[in-house]
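K.L.:
query-v4.cif is reproduced below (mmCIF, C-alpha atoms).
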```cif
data_upload
#
loop_
_atom_site.label_atom_id
_atom_site.label_comp_id
_atom_site.auth_asym_id
_atom_site.auth_seq_id
_atom_site.Cartn_x
_atom_site.Cartn_y
_atom_site.Cartn_z
CA MET A 25 0.00 0.00 0.00
CA GLU A 26 1.96 2.92 -1.38
CA MET A 27 0.38 5.72 0.72
CA LEU A 28 1.19 3.82 3.92
CA LYS A 29 4.78 3.06 2.89
CA GLN A 30 5.37 6.71 2.04
CA ARG A 31 3.99 7.74 5.42
CA ILE A 32 6.26 5.26 7.21
CA LEU A 33 9.28 6.61 5.34
CA GLN A 34 8.22 10.18 6.09
CA ASP A 35 7.09 9.93 9.74
CA GLY A 36 8.21 6.53 11.03
CA ARG A 37 11.42 6.29 13.02
CA ALA A 38 13.64 3.23 12.95
CA LEU A 39 15.20 3.35 16.41
CA SER A 40 17.26 0.21 15.93
CA GLY A 41 17.31 -2.98 13.86
CA ASP A 42 13.92 -4.00 15.17
CA VAL A 43 12.10 -1.05 16.79
CA LEU A 44 9.98 0.98 14.39
CA LEU A 45 8.22 3.95 15.97
CA VAL A 46 5.00 4.92 14.20
CA ASP A 47 3.36 6.67 17.13
CA SER A 48 2.57 9.84 15.18
CA PHE A 49 0.03 8.17 12.86
CA LEU A 50 -0.72 4.62 14.06
CA ASN A 51 -0.16 3.98 17.79
CA ASN A 52 -0.56 7.09 19.94
CA GLN A 53 -1.76 9.66 17.47
CA VAL A 54 -3.91 8.05 14.79
CA ASP A 55 -4.41 9.43 11.29
CA VAL A 56 -7.99 8.21 10.93
CA LYS A 57 -8.20 8.98 7.19
CA LEU A 58 -5.12 6.80 6.67
CA MET A 59 -6.73 4.11 8.84
CA GLN A 60 -9.86 4.33 6.71
CA ALA A 61 -7.70 3.73 3.62
CA VAL A 62 -5.97 0.85 5.45
CA GLY A 63 -9.39 -0.67 6.21
CA GLU A 64 -10.44 -0.35 2.58
CA ALA A 65 -7.17 -1.95 1.43
CA PHE A 66 -7.71 -4.97 3.70
CA ALA A 67 -11.34 -5.20 2.55
CA ARG A 68 -10.16 -5.37 -1.09
CA ARG A 69 -7.47 -7.96 -0.39
CA PHE A 70 -9.82 -10.24 1.55
CA ALA A 71 -12.94 -9.51 -0.52
CA ASN A 72 -13.36 -13.13 -1.59
CA ALA A 73 -12.33 -14.77 1.68
CA GLY A 74 -15.86 -15.13 3.08
CA VAL A 75 -15.07 -12.97 6.12
CA THR A 76 -17.90 -12.86 8.69
CA ARG A 77 -16.00 -11.10 11.50
CA VAL A 78 -12.89 -9.01 12.03
CA ALA A 79 -10.89 -9.61 15.22
CA THR A 80 -8.01 -7.72 16.80
CA VAL A 81 -6.08 -7.39 20.06
CA GLU A 82 -6.42 -4.28 22.20
CA SER A 83 -5.37 -1.58 21.87
CA SER A 84 -3.23 -0.49 18.90
CA GLY A 85 -5.04 -2.83 16.54
CA ILE A 86 -8.47 -1.38 17.23
CA ALA A 87 -8.41 1.65 14.94
CA PRO A 88 -7.28 -0.19 11.76
CA ALA A 89 -9.46 -3.20 12.63
CA ALA A 90 -12.56 -1.02 13.19
CA MET A 91 -12.05 0.63 9.81
CA THR A 92 -11.61 -2.81 8.19
CA ALA A 93 -14.80 -4.11 9.80
CA LEU A 94 -16.62 -0.98 8.63
CA ALA A 95 -15.37 -1.42 5.05
CA MET A 96 -16.39 -5.12 5.09
CA ASP A 97 -19.69 -4.51 6.93
CA VAL A 98 -19.05 -7.15 9.59
CA PRO A 99 -18.75 -6.92 13.41
CA LEU A 100 -15.43 -6.34 15.15
CA VAL A 101 -14.36 -8.58 18.04
CA ILE A 102 -11.70 -7.27 20.42
CA LEU A 103 -9.48 -9.71 22.31
CA LYS A 104 -8.31 -8.34 25.64
CA LYS A 105 -4.91 -8.55 27.25
CA SER A 106 -6.37 -9.29 30.67
CA ALA A 107 -9.49 -11.02 31.91
CA SER A 108 -12.51 -8.85 32.69
CA ARG A 109 -13.50 -8.51 36.34
CA ILE A 110 -17.14 -8.63 35.30
CA LEU A 111 -18.47 -12.03 34.26
CA GLN A 112 -15.67 -14.57 34.23
CA ASP A 113 -17.68 -17.31 32.54
CA ASP A 114 -17.66 -17.70 28.78
CA ILE A 115 -13.98 -16.76 28.51
CA LEU A 116 -11.21 -18.50 26.56
CA GLN A 117 -7.71 -17.57 27.62
CA THR A 118 -4.14 -18.29 26.47
CA GLU A 119 -0.72 -17.02 27.49
CA VAL A 120 1.15 -14.87 24.99
CA PHE A 121 4.69 -13.57 25.36
CA SER A 122 5.18 -9.91 24.48
CA PHE A 123 8.68 -9.22 23.16
CA THR A 124 7.96 -5.47 23.35
CA LYS A 125 7.22 -5.64 27.07
CA ASN A 126 9.43 -8.69 27.73
CA ALA A 127 6.63 -10.28 29.75
CA PRO A 128 3.74 -12.69 29.21
CA TYR A 129 0.11 -11.68 29.33
CA GLN A 130 -3.22 -13.49 29.29
CA LEU A 131 -5.03 -13.02 25.99
CA THR A 132 -8.77 -13.47 26.44
CA LEU A 133 -11.76 -13.93 24.15
CA LYS A 134 -15.42 -13.95 25.08
CA LYS A 135 -16.34 -16.99 23.08
CA ARG A 136 -19.99 -16.08 22.55
CA PHE A 137 -18.79 -13.43 20.07
CA VAL A 138 -17.48 -16.00 17.61
CA GLN A 139 -19.51 -18.94 16.39
CA PRO A 140 -18.65 -22.21 14.71
CA GLY A 141 -18.87 -21.39 11.01
CA ASP A 142 -17.51 -17.89 11.42
CA ARG A 143 -14.59 -16.96 9.20
CA VAL A 144 -12.50 -14.45 11.08
CA LEU A 145 -10.07 -11.95 9.60
CA LEU A 146 -7.43 -11.10 12.20
CA ILE A 147 -6.11 -7.53 11.89
CA ASP A 148 -3.25 -6.04 13.90
CA ASP A 149 -0.99 -3.02 13.66
CA PHE A 150 2.26 -5.03 13.71
CA LEU A 151 3.28 -8.57 12.85
CA ALA A 152 6.74 -9.45 14.16
CA ASN A 153 7.30 -12.73 16.01
CA GLY A 154 3.73 -13.83 15.53
CA GLU A 155 3.12 -14.54 19.22
CA ALA A 156 -0.04 -12.43 19.43
CA ALA A 157 -1.36 -13.72 16.10
CA PHE A 158 -0.88 -17.37 17.05
CA GLY A 159 -2.48 -16.66 20.45
CA CYS A 160 -5.53 -15.14 18.74
CA ILE A 161 -5.73 -18.07 16.34
CA ARG A 162 -5.63 -20.59 19.21
CA LEU A 163 -8.56 -18.81 20.89
CA LEU A 164 -10.61 -18.22 17.73
CA GLU A 165 -10.15 -21.80 16.52
CA GLY A 166 -10.82 -22.96 20.08
CA ALA A 167 -14.19 -21.22 19.81
CA GLY A 168 -14.88 -23.14 16.60
CA ALA A 169 -14.22 -20.35 14.10
CA GLY A 170 -12.16 -20.61 10.94
CA ILE A 171 -9.39 -18.16 10.11
CA ALA A 172 -9.97 -16.29 6.84
CA GLY A 173 -6.55 -14.67 7.08
CA VAL A 174 -4.21 -12.40 8.94
CA GLY A 175 -3.79 -8.75 7.95
CA ALA A 176 -0.92 -6.73 9.36
CA VAL A 177 -0.65 -2.99 8.78
CA ILE A 178 3.14 -3.32 9.13
CA ALA A 179 5.02 -6.64 9.07
CA LYS A 180 8.63 -6.98 10.09
CA ALA A 181 9.33 -9.56 7.43
CA PHE A 182 12.80 -10.18 8.86
CA GLN A 183 11.24 -11.56 12.04
CA PRO A 184 9.65 -15.04 11.97
CA GLY A 185 5.91 -14.34 12.44
CA MET A 186 4.88 -13.96 8.80
CA ARG A 187 6.84 -17.03 7.66
CA LYS A 188 5.57 -19.17 10.54
CA LEU A 189 1.94 -18.21 9.90
CA ARG A 190 2.27 -19.03 6.21
CA GLU A 191 4.02 -22.33 6.98
CA ALA A 192 1.08 -23.16 9.25
CA GLY A 193 -1.24 -22.62 6.28
CA TYR A 194 -2.66 -19.19 7.05
CA ARG A 195 -3.00 -16.45 4.46
CA VAL A 196 -1.08 -13.33 5.51
CA GLU A 197 -1.36 -9.91 3.90
CA ALA A 198 0.93 -7.11 5.05
CA LEU A 199 0.23 -3.62 3.72
CA ALA A 200 3.78 -2.50 4.51
CA PRO A 201 6.18 -5.46 4.70
CA VAL A 202 9.50 -4.19 6.04
CA LYS A 203 12.45 -6.13 4.61
CA SER A 204 15.12 -4.54 6.76
CA MET A 205 15.66 -1.74 9.22
CA ALA A 206 18.60 0.06 10.68
CA GLU A 207 18.74 3.27 12.66
CA GLY A 208 17.28 5.89 10.38
CA LYS A 209 16.78 3.53 7.42
CA ILE A 210 13.74 1.45 6.41
CA GLU A 211 13.46 -0.83 3.36
CA PHE A 212 10.31 -2.53 2.15
CA GLU A 213 10.02 -5.87 0.37
CA MET B 8 -29.41 9.32 20.25
CA GLU B 9 -32.43 7.15 19.71
CA MET B 10 -30.76 4.30 17.79
CA LEU B 11 -28.21 3.87 20.56
CA LYS B 12 -30.80 3.95 23.35
CA GLN B 13 -32.87 1.31 21.57
CA ARG B 14 -29.79 -0.88 21.20
CA ILE B 15 -28.95 -0.52 24.88
CA LEU B 16 -32.52 -1.51 25.83
CA GLN B 17 -32.39 -4.43 23.40
CA ASP B 18 -28.88 -5.82 23.97
CA GLY B 19 -27.50 -4.13 27.10
CA ARG B 20 -27.72 -5.94 30.41
CA ALA B 21 -28.12 -4.12 33.71
CA LEU B 22 -26.38 -6.51 36.10
CA SER B 23 -27.00 -4.37 39.16
CA GLY B 24 -27.66 -0.78 40.11
CA ASP B 25 -24.41 0.37 38.53
CA VAL B 26 -23.01 -2.28 36.16
CA LEU B 27 -24.27 -2.01 32.58
CA LEU B 28 -22.95 -4.67 30.25
CA VAL B 29 -22.78 -3.55 26.62
CA ASP B 30 -20.11 -5.99 25.50
CA SER B 31 -22.11 -7.26 22.53
CA PHE B 32 -21.96 -3.96 20.61
CA LEU B 33 -19.56 -1.55 22.34
CA ASN B 34 -16.81 -3.16 24.44
CA ASN B 35 -15.86 -6.63 23.29
CA GLN B 36 -17.86 -7.04 20.12
CA VAL B 37 -18.22 -3.70 18.34
CA ASP B 38 -21.04 -2.81 15.97
CA VAL B 39 -18.95 -0.58 13.73
CA LYS B 40 -21.93 0.82 11.81
CA LEU B 41 -23.43 1.92 15.13
CA MET B 42 -20.05 3.41 16.10
CA GLN B 43 -19.98 5.30 12.80
CA ALA B 44 -23.40 6.75 13.67
CA VAL B 45 -22.10 7.57 17.17
CA GLY B 46 -19.14 9.40 15.63
CA GLU B 47 -21.43 11.37 13.34
CA ALA B 48 -23.69 12.26 16.28
CA PHE B 49 -20.74 13.63 18.27
CA ALA B 50 -19.52 15.50 15.19
CA ARG B 51 -22.92 17.20 14.86
CA ARG B 52 -23.14 18.10 18.55
CA PHE B 53 -19.63 19.58 18.65
CA ALA B 54 -19.69 21.02 15.10
CA ASN B 55 -19.19 24.60 16.30
CA ALA B 56 -16.76 23.88 19.14
CA GLY B 57 -13.58 24.47 17.11
CA VAL B 58 -12.33 20.93 17.68
CA THR B 59 -8.78 20.31 16.39
CA ARG B 60 -8.22 16.88 17.93
CA VAL B 61 -10.20 14.00 19.42
CA ALA B 62 -8.69 12.22 22.42
CA THR B 63 -9.65 9.02 24.21
CA VAL B 64 -8.34 6.47 26.69
CA GLU B 65 -7.42 2.96 25.57
CA SER B 66 -9.07 0.69 24.84
CA SER B 67 -12.89 0.73 24.84
CA GLY B 68 -12.99 4.39 23.82
CA ILE B 69 -10.94 3.89 20.68
CA ALA B 70 -13.66 2.65 18.29
CA PRO B 71 -16.19 5.45 18.99
CA ALA B 72 -13.39 8.05 19.20
CA ALA B 73 -11.86 6.95 15.88
CA MET B 74 -15.26 7.26 14.19
CA THR B 75 -15.73 10.71 15.74
CA ALA B 76 -12.30 11.85 14.56
CA LEU B 77 -13.10 10.53 11.09
CA ALA B 78 -16.43 12.39 10.99
CA MET B 79 -14.73 15.61 12.16
CA ASP B 80 -11.63 15.14 9.96
CA VAL B 81 -9.15 15.64 12.82
CA PRO B 82 -6.44 13.37 14.30
CA LEU B 83 -7.15 11.00 17.17
CA VAL B 84 -4.86 10.94 20.22
CA ILE B 85 -4.94 7.85 22.44
CA LEU B 86 -3.99 8.14 26.11
CA LYS B 87 -2.50 4.95 27.48
CA LYS B 88 -3.12 3.25 30.81
CA SER B 89 0.56 2.46 31.31
CA ALA B 90 3.80 4.09 30.27
CA SER B 91 5.46 2.86 27.08
CA ARG B 92 8.74 0.97 27.45
CA ILE B 93 10.04 2.72 24.35
CA LEU B 94 11.00 6.40 24.75
CA GLN B 95 10.15 7.59 28.24
CA ASP B 96 10.78 11.27 27.51
CA ASP B 97 7.99 13.53 26.34
CA ILE B 98 5.42 11.82 28.60
CA LEU B 99 2.87 13.41 30.94
CA GLN B 100 1.44 11.08 33.54
CA THR B 101 -1.25 11.17 36.24
CA GLU B 102 -2.77 8.61 38.57
CA VAL B 103 -6.40 7.65 37.99
CA PHE B 104 -8.50 5.37 40.16
CA SER B 105 -10.55 2.77 38.28
CA PHE B 106 -13.75 1.88 40.13
CA THR B 107 -14.31 -0.99 37.66
CA LYS B 108 -10.99 -2.59 38.53
CA ASN B 109 -10.83 -1.17 42.08
CA ALA B 110 -7.22 -0.13 41.52
CA PRO B 111 -5.28 2.93 40.36
CA TYR B 112 -3.42 3.14 37.07
CA GLN B 113 -1.04 5.60 35.44
CA LEU B 114 -2.69 7.51 32.62
CA THR B 115 -0.09 8.75 30.13
CA LEU B 116 -0.03 11.20 27.25
CA LYS B 117 2.76 11.82 24.77
CA LYS B 118 2.65 15.56 24.94
CA ARG B 119 4.01 16.21 21.48
CA PHE B 120 0.65 15.06 20.10
CA VAL B 121 -1.21 18.00 21.57
CA GLN B 122 -0.14 21.59 21.12
CA PRO B 123 -0.95 24.82 22.90
CA GLY B 124 -3.91 26.18 20.98
CA ASP B 125 -5.40 22.77 20.31
CA ARG B 126 -9.05 22.33 21.25
CA VAL B 127 -9.53 18.73 22.24
CA LEU B 128 -12.78 16.79 22.26
CA LEU B 129 -12.53 13.95 24.77
CA ILE B 130 -14.56 10.88 23.81
CA ASP B 131 -15.09 7.79 25.95
CA ASP B 132 -17.43 4.83 26.00
CA PHE B 133 -18.64 5.44 29.57
CA LEU B 134 -18.83 8.41 31.91
CA ALA B 135 -19.50 7.39 35.51
CA ASN B 136 -17.43 8.85 38.34
CA GLY B 137 -15.45 11.05 36.01
CA GLU B 138 -12.05 9.84 37.25
CA ALA B 139 -10.74 8.99 33.77
CA ALA B 140 -12.18 12.18 32.24
CA PHE B 141 -10.62 14.43 34.87
CA GLY B 142 -7.31 12.57 34.49
CA CYS B 143 -7.36 13.16 30.73
CA ILE B 144 -8.23 16.82 31.24
CA ARG B 145 -5.32 17.28 33.68
CA LEU B 146 -2.90 15.86 31.11
CA LEU B 147 -4.35 17.66 28.08
CA GLU B 148 -4.48 21.00 29.87
CA GLY B 149 -1.01 20.27 31.25
CA ALA B 150 0.18 20.03 27.65
CA GLY B 151 -1.35 23.43 26.97
CA ALA B 152 -4.47 22.33 25.11
CA GLY B 153 -8.00 23.61 25.69
CA ILE B 154 -10.92 21.25 26.23
CA ALA B 155 -13.67 21.65 23.63
CA GLY B 156 -15.90 19.25 25.47
CA VAL B 157 -16.45 15.74 26.75
CA GLY B 158 -18.55 13.24 24.80
CA ALA B 159 -19.70 10.01 26.45
CA VAL B 160 -21.40 7.28 24.49
CA ILE B 161 -23.16 6.22 27.69
CA ALA B 162 -23.29 8.33 30.87
CA LYS B 163 -24.45 6.99 34.19
CA ALA B 164 -26.12 10.24 35.12
CA PHE B 165 -26.81 8.94 38.64
CA GLN B 166 -23.05 8.85 39.32
CA PRO B 167 -21.18 12.11 39.91
CA GLY B 168 -18.92 12.42 36.83
CA MET B 169 -21.23 14.35 34.52
CA ARG B 170 -22.31 16.80 37.23
CA LYS B 171 -18.75 17.37 38.44
CA LEU B 172 -17.48 18.02 34.90
CA ARG B 173 -20.26 20.53 34.25
CA GLU B 174 -19.67 22.23 37.60
CA ALA B 175 -16.01 22.57 36.60
CA GLY B 176 -17.16 24.40 33.45
CA TYR B 177 -16.79 21.67 30.84
CA ARG B 178 -19.40 20.97 28.20
CA VAL B 179 -20.59 17.37 28.41
CA GLU B 180 -22.69 15.56 25.82
CA ALA B 181 -23.95 12.05 26.52
CA LEU B 182 -25.59 10.17 23.66
CA ALA B 183 -27.33 7.81 26.09
CA PRO B 184 -27.66 9.35 29.57
CA VAL B 185 -28.89 6.65 31.93
CA LYS B 186 -31.09 8.07 34.71
CA SER B 187 -31.42 4.88 36.70
CA MET B 188 -30.66 1.19 36.52
CA ALA B 189 -31.73 -1.89 38.36
CA GLU B 190 -31.25 -5.53 37.51
CA GLY B 191 -32.94 -6.00 34.16
CA LYS B 192 -34.25 -2.40 33.96
CA ILE B 193 -32.69 0.70 32.36
CA GLU B 194 -34.21 4.20 32.25
CA PHE B 195 -32.83 7.14 30.28
CA GLU B 196 -33.06 10.81 31.16
#
```
Written as structure tokens, how would this file's structure read?

P.N.:
Amino acid sequence: MEMLKQRILQDGRALSGDVLLVDSFLNNQVDVKLMQAVGEAFARRFANAGVTRVATVESSGIAPAAMTALAMDVPLVILKKSASRILQDDILQTEVFSFTKNAPYQLTLKKRFVQPGDRVLLIDDFLANGEAAFGCIRLLEGAGAGIAGVGAVIAKAFQPGMRKLREAGYRVEALAPVKSMAEGKIEFE
Amino acid sequence: MEMLKQRILQDGRALSGDVLLVDSFLNNQVDVKLMQAVGEAFARRFANAGVTRVATVESSGIAPAAMTALAMDVPLVILKKSASRILQDDILQTEVFSFTKNAPYQLTLKKRFVQPGDRVLLIDDFLANGEAAFGCIRLLEGAGAGIAGVGAVIAKAFQPGMRKLREAGYRVEALAPVKSMAEGKIEFE
């Protein structure tokens, strides 16, 4: 997605070989028009995938995932990084390791929001090691849903997540697949 | 907002005198078309307020706030409930007590995303005690911004937040102001 790549080159900051800061348009401040275009791009790429629901993990995935769900006219399901204090029944949970925070967290899904027969498109802001994506897939498949695909706004293609997901048979679309990064320098595939 | 009130009556669940569960269309599963209508409703109500930015707190506020920012054609700024591990400079922080979780958390704002002269519209899913709203206002005003208003998708008007914000001089708009709740029964103002 050319508009997104140009924005990353213009406003993203490669802090090291694996930290890409995009907090001025994706994480902390959100360019909602760009997110709308991101949502429309995912909707085009997965137009024939039979998607019945979009899912994402709180919180940076919510804006692009909401715009994708809007463009596809399906509900959005948000997986939480901690269990709710209200109503503990009906919850599926799995441990995911966050490399960003260097700590595990409990990823949770209220299973009544996905049904057997659903085909879920998983959208997230970043795909790196694939830990969060595989955690989501475990929960969604555990609830009986099928995975229509995984859409990453930005994929660090030099980290193993994208390859591992594809090896496991999942379709992955990255709007901005980063081939390599060094301080101050970003190259796309 | 009539469509929202009808949806709350249809799908919301009053679990007690103060817990309103709206996880099937607002918190966990999100009806993005409804959120688009919510965003347009806020945009109409604050059309003449000179809004330059929408702000919200992660994560349940993000979907309605993103749709509001889209309808108003301004950026969205997301305040986080914990400090980022990457780049600790440039951060304003304040302690907020969560009655839902019965514990305090650190609300943080990257101050470069609001400027003196900005007029910020604060959007959140719920307004109850006003703790989160006043925390956001402290940080946004601390960064030099003005507050154009506070928009709550649902306000528990029987709790003190809305009154306290208005007494402090802030404009508050609630799309669904709940006058009273009891198990199984919801009344709007």

K.L.:
Using all atoms listed in the file, which chain B residues lie at most 8 Å away from chain A, written as a list in words?

P.N.:
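Contact residues on the first chain: Ser31, Asn34, Asn35, Gln36, Val37, Asp38, Val39, Lys40, Glu65, Ser66, Ile69, Ala70, Ala73, Ala76, Leu77, Asp80, Val81, Pro82, Leu83, Val84, Ile85, Leu86, Arg92, Thr107, Lys108, Lys117 and Phe120 of chain B.
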
K.L.:
Can you list, as an MDAnalysis selection string, every protein, DNA or RNA residue that comes within 12 Å of Gln139 (chain A) when you count all atoms listed in the file, leaving out same-chain residues fewer than 3 positions away?

P.N.:
chainID A and resid 76:77 101 134:136 142:144 163:171

K.L.:
Would you compute, for all listed atoms of region 60-74 of chain B, the axis-aligned bounding box grown by 6 Å on each side, and then report its centre and edge lengths in Å rounded to one decimal, as lines of an AutoDock Vina configuration file?

P.N.:
```
center_x = -11.8
center_y = 8.8
center_z = 20.4
size_x = 20.8
size_y = 28.2
size_z = 24.5
```

K.L.:
Taking the file above as input, evaluate the PyMOL selection byres ((chain B and resi 182) around 12) and report the hits as a ChimeraX atom specification.

P.N.:
/B:8-13,15,42,44-52,71,130-134,157-164,179-181,183-185,195-196

K.L.:
Report as a VMD selection string all protein, DNA and RNA residues lying within 12 Å of Pro111 (chain B), evaluated on only C-alpha atoms, omitting residues in the same chain fewer than 2 positions from it.

P.N.:
chain B and resid 88 to 89 101 to 109 113 to 114 138 to 139 142

K.L.:
When the PyMOL selection byres ((chain B and resi 20) around 10) is applied to the structure above, which residues does it catch, written out as a list of chain:residue names?

P.N.:
B:Ile15, B:Leu16, B:Gln17, B:Asp18, B:Gly19, B:Ala21, B:Leu22, B:Ser23, B:Val26, B:Leu27, B:Leu28, B:Val29, B:Asp30, B:Ser31, B:Met188, B:Ala189, B:Glu190, B:Gly191, B:Lys192, B:Ile193

K.L.:
Would you save the residues of that selection, restricted to C-alpha atoms, as a PDB file, in the frame of the given file?

P.N.:
```pdb
ATOM      1  CA  ILE B  15     -28.950  -0.520  24.880  1.00  0.00           C
ATOM      2  CA  LEU B  16     -32.520  -1.510  25.830  1.00  0.00           C
ATOM      3  CA  GLN B  17     -32.390  -4.430  23.400  1.00  0.00           C
ATOM      4  CA  ASP B  18     -28.880  -5.820  23.970  1.00  0.00           C
ATOM      5  CA  GLY B  19     -27.500  -4.130  27.100  1.00  0.00           C
ATOM      6  CA  ALA B  21     -28.120  -4.120  33.710  1.00  0.00           C
ATOM      7  CA  LEU B  22     -26.380  -6.510  36.100  1.00  0.00           C
ATOM      8  CA  SER B  23     -27.000  -4.370  39.160  1.00  0.00           C
ATOM      9  CA  VAL B  26     -23.010  -2.280  36.160  1.00  0.00           C
ATOM     10  CA  LEU B  27     -24.270  -2.010  32.580  1.00  0.00           C
ATOM     11  CA  LEU B  28     -22.950  -4.670  30.250  1.00  0.00           C
ATOM     12  CA  VAL B  29     -22.780  -3.550  26.620  1.00  0.00           C
ATOM     13  CA  ASP B  30     -20.110  -5.990  25.500  1.00  0.00           C
ATOM     14  CA  SER B  31     -22.110  -7.260  22.530  1.00  0.00           C
ATOM     15  CA  MET B 188     -30.660   1.190  36.520  1.00  0.00           C
ATOM     16  CA  ALA B 189     -31.730  -1.890  38.360  1.00  0.00           C
ATOM     17  CA  GLU B 190     -31.250  -5.530  37.510  1.00  0.00           C
ATOM     18  CA  GLY B 191     -32.940  -6.000  34.160  1.00  0.00           C
ATOM     19  CA  LYS B 192     -34.250  -2.400  33.960  1.00  0.00           C
ATOM     20  CA  ILE B 193     -32.690   0.700  32.360  1.00  0.00           C
TER      21      ILE B 193
END
```

K.L.:
Counting all atoms listed in the file, figure out which residue out of B:Ala155, B:Ala56, B:Ala135, B:Leu128 gets nearest to Lys186 (chain B).

P.N.:
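Among the listed residues, the smallest separation from Lys186 (chain B) belongs to B:Ala135.
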
K.L.:
Report, in Å with one decimal, the straight-line distance from CA of Gly74 (chain A) to CA of Asp114 (chain A).

P.N.:
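These atoms are spaced 25.9 Å apart.
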
K.L.:
Any idea what the distance is between CA of Asn153 (chain A) and CA of Asp42 (chain A)?

P.N.:
11.0 Å

K.L.:
For CA of Arg14 (chain B) and CA of Cys143 (chain B), quote the distance in Å rounded to one decimal.

P.N.:
28.1 Å
